[in-house]
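Asker: Sharing a structure here in C-alpha coordinates format.
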Amino acid sequence: MSTADSSPFEHQLVEHRAYLMRFARLQLRNDAWAEDAVSETVLAALARPQAFGNRSQLKTWLVGILKHKIVDTLRHHSRQVTVGTGDEDEASDPLELMAFRGDGHFTEQPADWGDPEQDLRQRQFMAVLEACTEKLPPVQARLFLMREWLELSSEEICKELGLTATNLYVQLHRARLRLRECLDLNWFQNTRRP
Amino acid sequence: MKPWYPFRRSCKEVTALVIAREDRALSWQDRMGLRLHMALCSACPPFERQVLTLRNAMRQWRAYSENDETSR
(Lines give C-alpha, C1' and ligand atoms only; values in the text may rest on other atoms or scores of the structure.)
Protein backbone atom coordinates (compact mmCIF):
# COMPACT_ATOMS: atom_id res chain seq x y z
CA MET A 1 0.00 0.00 0.00
CA SER A 2 2.86 2.32 -0.78
CA THR A 3 0.75 4.40 -3.13
CA ALA A 4 -1.87 5.08 -0.48
CA ASP A 5 -0.01 8.03 0.96
CA SER A 6 -0.44 10.14 -2.12
CA SER A 7 -3.80 8.82 -3.24
CA PRO A 8 -7.00 10.60 -2.36
CA PHE A 9 -9.17 9.36 0.48
CA GLU A 10 -11.59 7.74 -1.98
CA HIS A 11 -8.86 5.56 -3.47
CA GLN A 12 -7.80 4.42 -0.05
CA LEU A 13 -11.39 3.38 0.68
CA VAL A 14 -11.57 1.42 -2.56
CA GLU A 15 -8.40 -0.42 -1.60
CA HIS A 16 -10.05 -1.68 1.57
CA ARG A 17 -13.31 -2.72 -0.05
CA ALA A 18 -12.32 -6.35 -0.75
CA TYR A 19 -11.16 -6.74 2.82
CA LEU A 20 -14.44 -5.39 4.21
CA MET A 21 -16.43 -7.62 1.84
CA ARG A 22 -14.62 -10.68 3.15
CA PHE A 23 -15.75 -10.08 6.72
CA ALA A 24 -19.23 -8.90 5.75
CA ARG A 25 -19.78 -12.09 3.73
CA LEU A 26 -18.47 -14.27 6.52
CA GLN A 27 -20.83 -12.70 9.06
CA LEU A 28 -23.94 -12.25 6.90
CA ARG A 29 -23.65 -15.28 4.60
CA ASN A 30 -25.58 -13.35 1.96
CA ASP A 31 -23.75 -11.55 -0.83
CA ALA A 32 -26.42 -8.91 -1.45
CA TRP A 33 -26.61 -7.96 2.23
CA ALA A 34 -22.83 -7.92 2.47
CA GLU A 35 -22.52 -5.65 -0.53
CA ASP A 36 -25.11 -3.25 0.91
CA ALA A 37 -23.42 -3.15 4.30
CA VAL A 38 -20.01 -2.46 2.74
CA SER A 39 -21.41 0.21 0.41
CA GLU A 40 -23.04 1.95 3.34
CA THR A 41 -19.78 1.75 5.26
CA VAL A 42 -17.85 3.39 2.42
CA LEU A 43 -20.55 6.04 1.98
CA ALA A 44 -20.53 6.80 5.70
CA ALA A 45 -16.74 7.15 5.60
CA LEU A 46 -16.92 9.44 2.56
CA ALA A 47 -19.50 11.60 4.26
CA ARG A 48 -17.27 12.24 7.27
CA PRO A 49 -13.61 12.06 6.19
CA GLN A 50 -12.76 14.57 8.91
CA ALA A 51 -13.91 12.04 11.54
CA PHE A 52 -10.87 10.03 10.68
CA GLY A 53 -7.48 11.39 11.57
CA ASN A 54 -4.69 8.85 11.56
CA ARG A 55 -4.32 7.17 8.18
CA SER A 56 -2.62 4.06 9.59
CA GLN A 57 -5.80 3.28 11.48
CA LEU A 58 -8.10 3.59 8.48
CA LYS A 59 -8.84 -0.13 8.41
CA THR A 60 -9.73 -0.27 12.10
CA TRP A 61 -12.00 2.73 11.66
CA LEU A 62 -13.73 1.17 8.63
CA VAL A 63 -14.20 -2.20 10.34
CA GLY A 64 -15.79 -0.33 13.27
CA ILE A 65 -18.30 1.34 10.95
CA LEU A 66 -18.91 -1.93 9.12
CA LYS A 67 -19.76 -3.72 12.37
CA HIS A 68 -22.47 -1.16 13.11
CA LYS A 69 -23.89 -1.48 9.59
CA ILE A 70 -23.89 -5.26 9.93
CA VAL A 71 -25.79 -5.17 13.23
CA ASP A 72 -28.40 -2.97 11.47
CA THR A 73 -28.58 -5.49 8.61
CA LEU A 74 -28.99 -8.46 10.96
CA ARG A 75 -31.72 -6.66 12.87
CA HIS A 76 -33.49 -5.66 9.65
CA HIS A 77 -33.45 -9.25 8.31
CA SER A 78 -33.87 -10.90 11.70
CA ARG A 79 -36.48 -13.37 10.41
CA GLN A 80 -34.30 -14.70 7.57
CA VAL A 81 -31.13 -14.61 9.64
CA THR A 82 -32.32 -17.40 11.91
CA VAL A 83 -34.03 -19.60 9.33
CA GLY A 84 -31.91 -22.49 8.14
CA THR A 85 -31.40 -23.49 4.52
CA GLY A 86 -31.89 -27.18 5.22
CA ASP A 87 -28.26 -28.12 5.67
CA GLU A 88 -28.37 -27.42 9.39
CA ASP A 89 -28.02 -30.45 11.60
CA GLU A 90 -31.25 -29.82 13.49
CA ALA A 91 -32.09 -33.36 14.42
CA SER A 92 -28.81 -34.74 15.67
CA ASP A 93 -27.34 -34.22 19.10
CA PRO A 94 -24.24 -32.07 18.52
CA LEU A 95 -22.33 -34.08 21.09
CA GLU A 96 -22.59 -37.04 18.73
CA LEU A 97 -19.76 -35.30 16.92
CA MET A 98 -17.67 -36.50 19.80
CA ALA A 99 -17.30 -40.10 20.81
CA PHE A 100 -18.90 -41.00 24.13
CA ARG A 101 -19.61 -44.39 25.54
CA GLY A 102 -23.06 -45.29 26.82
CA ASP A 103 -22.07 -44.32 30.36
CA GLY A 104 -21.10 -40.80 29.24
CA HIS A 105 -17.32 -41.29 29.24
CA PHE A 106 -15.06 -40.42 26.34
CA THR A 107 -14.20 -43.38 24.11
CA GLU A 108 -11.10 -41.52 22.99
CA GLN A 109 -9.36 -38.81 24.93
CA PRO A 110 -9.46 -35.40 23.21
CA ALA A 111 -6.14 -34.56 21.61
CA ASP A 112 -3.63 -32.42 23.41
CA TRP A 113 -3.41 -29.33 21.23
CA GLY A 114 -0.17 -28.44 22.96
CA ASP A 115 0.70 -24.82 23.49
CA PRO A 116 -0.45 -23.26 20.27
CA GLU A 117 0.32 -19.65 21.19
CA GLN A 118 2.99 -19.62 18.54
CA ASP A 119 0.71 -21.19 15.97
CA LEU A 120 -2.07 -18.74 16.70
CA ARG A 121 0.06 -15.88 15.53
CA GLN A 122 0.46 -17.39 12.14
CA ARG A 123 -1.47 -16.13 9.16
CA GLN A 124 -2.13 -19.71 8.03
CA PHE A 125 -3.89 -20.43 11.29
CA MET A 126 -6.18 -17.46 10.76
CA ALA A 127 -6.89 -18.73 7.26
CA VAL A 128 -7.83 -22.19 8.57
CA LEU A 129 -9.96 -20.65 11.32
CA GLU A 130 -11.77 -18.55 8.72
CA ALA A 131 -12.23 -21.53 6.40
CA CYS A 132 -13.69 -23.57 9.27
CA THR A 133 -16.07 -20.71 10.12
CA GLU A 134 -17.10 -20.52 6.46
CA LYS A 135 -17.96 -24.21 6.56
CA LEU A 136 -20.50 -23.75 9.37
CA PRO A 137 -24.15 -23.82 8.30
CA PRO A 138 -25.36 -20.21 7.73
CA VAL A 139 -27.49 -19.80 10.86
CA GLN A 140 -24.78 -21.21 13.13
CA ALA A 141 -22.14 -19.06 11.45
CA ARG A 142 -24.16 -15.85 11.84
CA LEU A 143 -24.93 -16.44 15.51
CA PHE A 144 -21.41 -17.59 16.31
CA LEU A 145 -19.85 -14.53 14.68
CA MET A 146 -22.35 -12.23 16.37
CA ARG A 147 -20.87 -13.54 19.62
CA GLU A 148 -17.25 -13.74 18.56
CA TRP A 149 -16.75 -11.02 15.96
CA LEU A 150 -19.43 -8.46 16.79
CA GLU A 151 -18.92 -9.27 20.47
CA LEU A 152 -22.61 -9.12 21.36
CA SER A 153 -23.80 -10.79 24.54
CA SER A 154 -26.19 -13.73 24.31
CA GLU A 155 -28.92 -11.46 25.69
CA GLU A 156 -28.27 -8.81 23.04
CA ILE A 157 -28.40 -11.40 20.25
CA CYS A 158 -31.72 -12.79 21.50
CA LYS A 159 -33.13 -9.27 21.68
CA GLU A 160 -31.92 -8.20 18.22
CA LEU A 161 -33.19 -11.34 16.50
CA GLY A 162 -36.20 -12.24 18.61
CA LEU A 163 -34.67 -15.62 19.48
CA THR A 164 -35.26 -17.63 22.63
CA ALA A 165 -32.18 -18.20 24.79
CA THR A 166 -32.56 -21.98 24.44
CA ASN A 167 -32.58 -21.77 20.66
CA LEU A 168 -29.51 -19.52 20.66
CA TYR A 169 -27.55 -21.79 23.02
CA VAL A 170 -28.32 -24.88 20.95
CA GLN A 171 -27.03 -23.19 17.79
CA LEU A 172 -23.92 -21.77 19.45
CA HIS A 173 -23.22 -25.14 21.04
CA ARG A 174 -23.34 -26.83 17.63
CA ALA A 175 -21.20 -24.13 16.05
CA ARG A 176 -18.49 -24.35 18.72
CA LEU A 177 -18.32 -28.15 18.56
CA ARG A 178 -18.11 -28.11 14.76
CA LEU A 179 -15.40 -25.50 14.82
CA ARG A 180 -13.43 -27.48 17.40
CA GLU A 181 -13.76 -30.58 15.24
CA CYS A 182 -12.69 -28.71 12.09
CA LEU A 183 -9.61 -27.20 13.74
CA ASP A 184 -8.69 -30.53 15.30
CA LEU A 185 -8.74 -32.15 11.86
CA ASN A 186 -7.33 -29.38 9.71
CA TRP A 187 -4.83 -27.64 11.90
CA PHE A 188 -3.73 -29.38 15.03
CA GLN A 189 -3.43 -32.87 13.56
CA ASN A 190 -1.52 -31.53 10.55
CA THR A 191 0.88 -29.52 12.62
CA ARG A 192 1.53 -32.48 14.90
CA ARG A 193 2.09 -34.88 12.03
CA PRO A 194 3.34 -32.85 9.08
CA MET B 1 -33.87 -45.17 47.31
CA LYS B 2 -31.47 -44.03 44.61
CA PRO B 3 -28.57 -42.04 46.06
CA TRP B 4 -28.43 -38.41 44.99
CA TYR B 5 -25.12 -36.87 43.94
CA PRO B 6 -25.79 -33.19 43.24
CA PHE B 7 -22.30 -32.52 41.91
CA ARG B 8 -21.66 -35.66 39.92
CA ARG B 9 -21.32 -35.01 36.19
CA SER B 10 -20.43 -37.38 33.34
CA CYS B 11 -17.82 -36.47 30.71
CA LYS B 12 -20.62 -35.82 28.27
CA GLU B 13 -22.35 -33.43 30.67
CA VAL B 14 -19.06 -31.72 31.49
CA THR B 15 -18.30 -31.29 27.78
CA ALA B 16 -21.67 -29.61 27.32
CA LEU B 17 -21.02 -27.33 30.31
CA VAL B 18 -17.55 -26.33 29.11
CA ILE B 19 -19.06 -25.28 25.78
CA ALA B 20 -22.08 -23.59 27.37
CA ARG B 21 -19.82 -21.53 29.63
CA GLU B 22 -18.62 -19.63 26.55
CA ASP B 23 -22.08 -18.16 26.07
CA ARG B 24 -23.90 -18.18 29.40
CA ALA B 25 -23.32 -18.18 33.13
CA LEU B 26 -23.46 -21.61 34.76
CA SER B 27 -25.33 -22.34 37.99
CA TRP B 28 -23.17 -22.75 41.08
CA GLN B 29 -24.09 -26.43 41.18
CA ASP B 30 -22.77 -26.87 37.65
CA ARG B 31 -19.62 -24.89 38.44
CA MET B 32 -19.02 -27.16 41.44
CA GLY B 33 -19.72 -30.28 39.41
CA LEU B 34 -17.33 -29.05 36.73
CA ARG B 35 -14.47 -28.43 39.15
CA LEU B 36 -14.98 -31.72 40.91
CA HIS B 37 -15.05 -33.64 37.65
CA MET B 38 -11.96 -31.87 36.25
CA ALA B 39 -9.97 -32.81 39.33
CA LEU B 40 -10.73 -36.49 38.84
CA CYS B 41 -10.93 -36.94 35.07
CA SER B 42 -8.07 -37.27 32.59
CA ALA B 43 -10.07 -36.87 29.36
CA CYS B 44 -11.98 -33.65 30.10
CA PRO B 45 -9.11 -31.28 30.97
CA PRO B 46 -7.60 -31.57 27.45
CA PHE B 47 -11.05 -30.80 26.05
CA GLU B 48 -11.33 -27.76 28.29
CA ARG B 49 -7.89 -26.59 27.11
CA GLN B 50 -9.04 -26.93 23.51
CA VAL B 51 -12.04 -24.70 24.21
CA LEU B 52 -9.83 -22.12 25.93
CA THR B 53 -7.46 -22.23 22.97
CA LEU B 54 -10.40 -21.62 20.68
CA ARG B 55 -11.44 -18.65 22.83
CA ASN B 56 -7.93 -17.19 22.52
CA ALA B 57 -7.86 -17.87 18.82
CA MET B 58 -11.09 -15.95 18.29
CA ARG B 59 -9.70 -13.03 20.25
CA GLN B 60 -6.62 -12.94 18.04
CA TRP B 61 -8.75 -13.33 14.94
CA ARG B 62 -10.82 -10.29 16.02
CA ALA B 63 -7.67 -8.19 16.34
CA TYR B 64 -6.49 -9.55 13.02
CA SER B 65 -9.79 -8.57 11.37
CA GLU B 66 -9.17 -4.97 12.36
CA ASN B 67 -5.54 -4.40 11.64
CA ASP B 68 -4.13 -7.09 9.45
CA GLU B 69 -1.55 -4.96 7.65
CA THR B 70 -1.13 -6.96 4.48
CA SER B 71 -4.50 -7.38 2.78
CA ARG B 72 -4.86 -10.54 0.79
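Just remember, in the C-alpha coordinates the first chain shown is A, the second B, etc., residues are 1-based per chain, and ligands are 1-based in the order shown.
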Which neighbours of A:Met98 fall inside 10 Å, counting only C-alpha atoms, when residues of the same chain fewer than 3 positions from it are skipped, and could you give them as a list of chain:residue names?
Answerer: A:Asp93, A:Pro94, A:Leu95, A:Arg101, A:Phe106, A:Thr107, A:Glu108, A:Pro110, A:Leu177, A:Arg178, A:Glu181, B:Lys12, B:Thr15
Asker: Using only C-alpha atoms, determine which residues lie at most 9 Å from B:Arg24, disregarding the query and same-chain residues fewer than 6 positions distant; provide the list as a list in words.
Answerer: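 My reading of the contact set: Ser153, Ser154 and Tyr169 of chain A.
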Asker: Those selected residues, please, written with C-alpha atoms and delivered as an mmCIF file, in the first residue's frame.
Answerer:
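again.cif, freshly written:
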data_model
loop_
_atom_site.group_PDB
_atom_site.id
_atom_site.type_symbol
_atom_site.label_atom_id
_atom_site.label_comp_id
_atom_site.auth_asym_id
_atom_site.auth_seq_id
_atom_site.Cartn_x
_atom_site.Cartn_y
_atom_site.Cartn_z
ATOM 1 C CA SER A 153 -23.799 -10.794 24.542
ATOM 2 C CA SER A 154 -26.190 -13.732 24.306
ATOM 3 C CA TYR A 169 -27.554 -21.786 23.024
#
Asker: Could you tell me which residues of chain B sit within 10 Å of chain A when counting only C-alpha atoms, and give me the result as a ChimeraX atom specification?
Answerer: /B:9-24,41-51,53-72
Asker: Taking the DSSP assignment computed from this structure's backbone, write out as an MDAnalysis selection string all residues of chain B that belong to helix (DSSP H, G or I).
Answerer: chainID B and resid 11:20 28:40 44:67
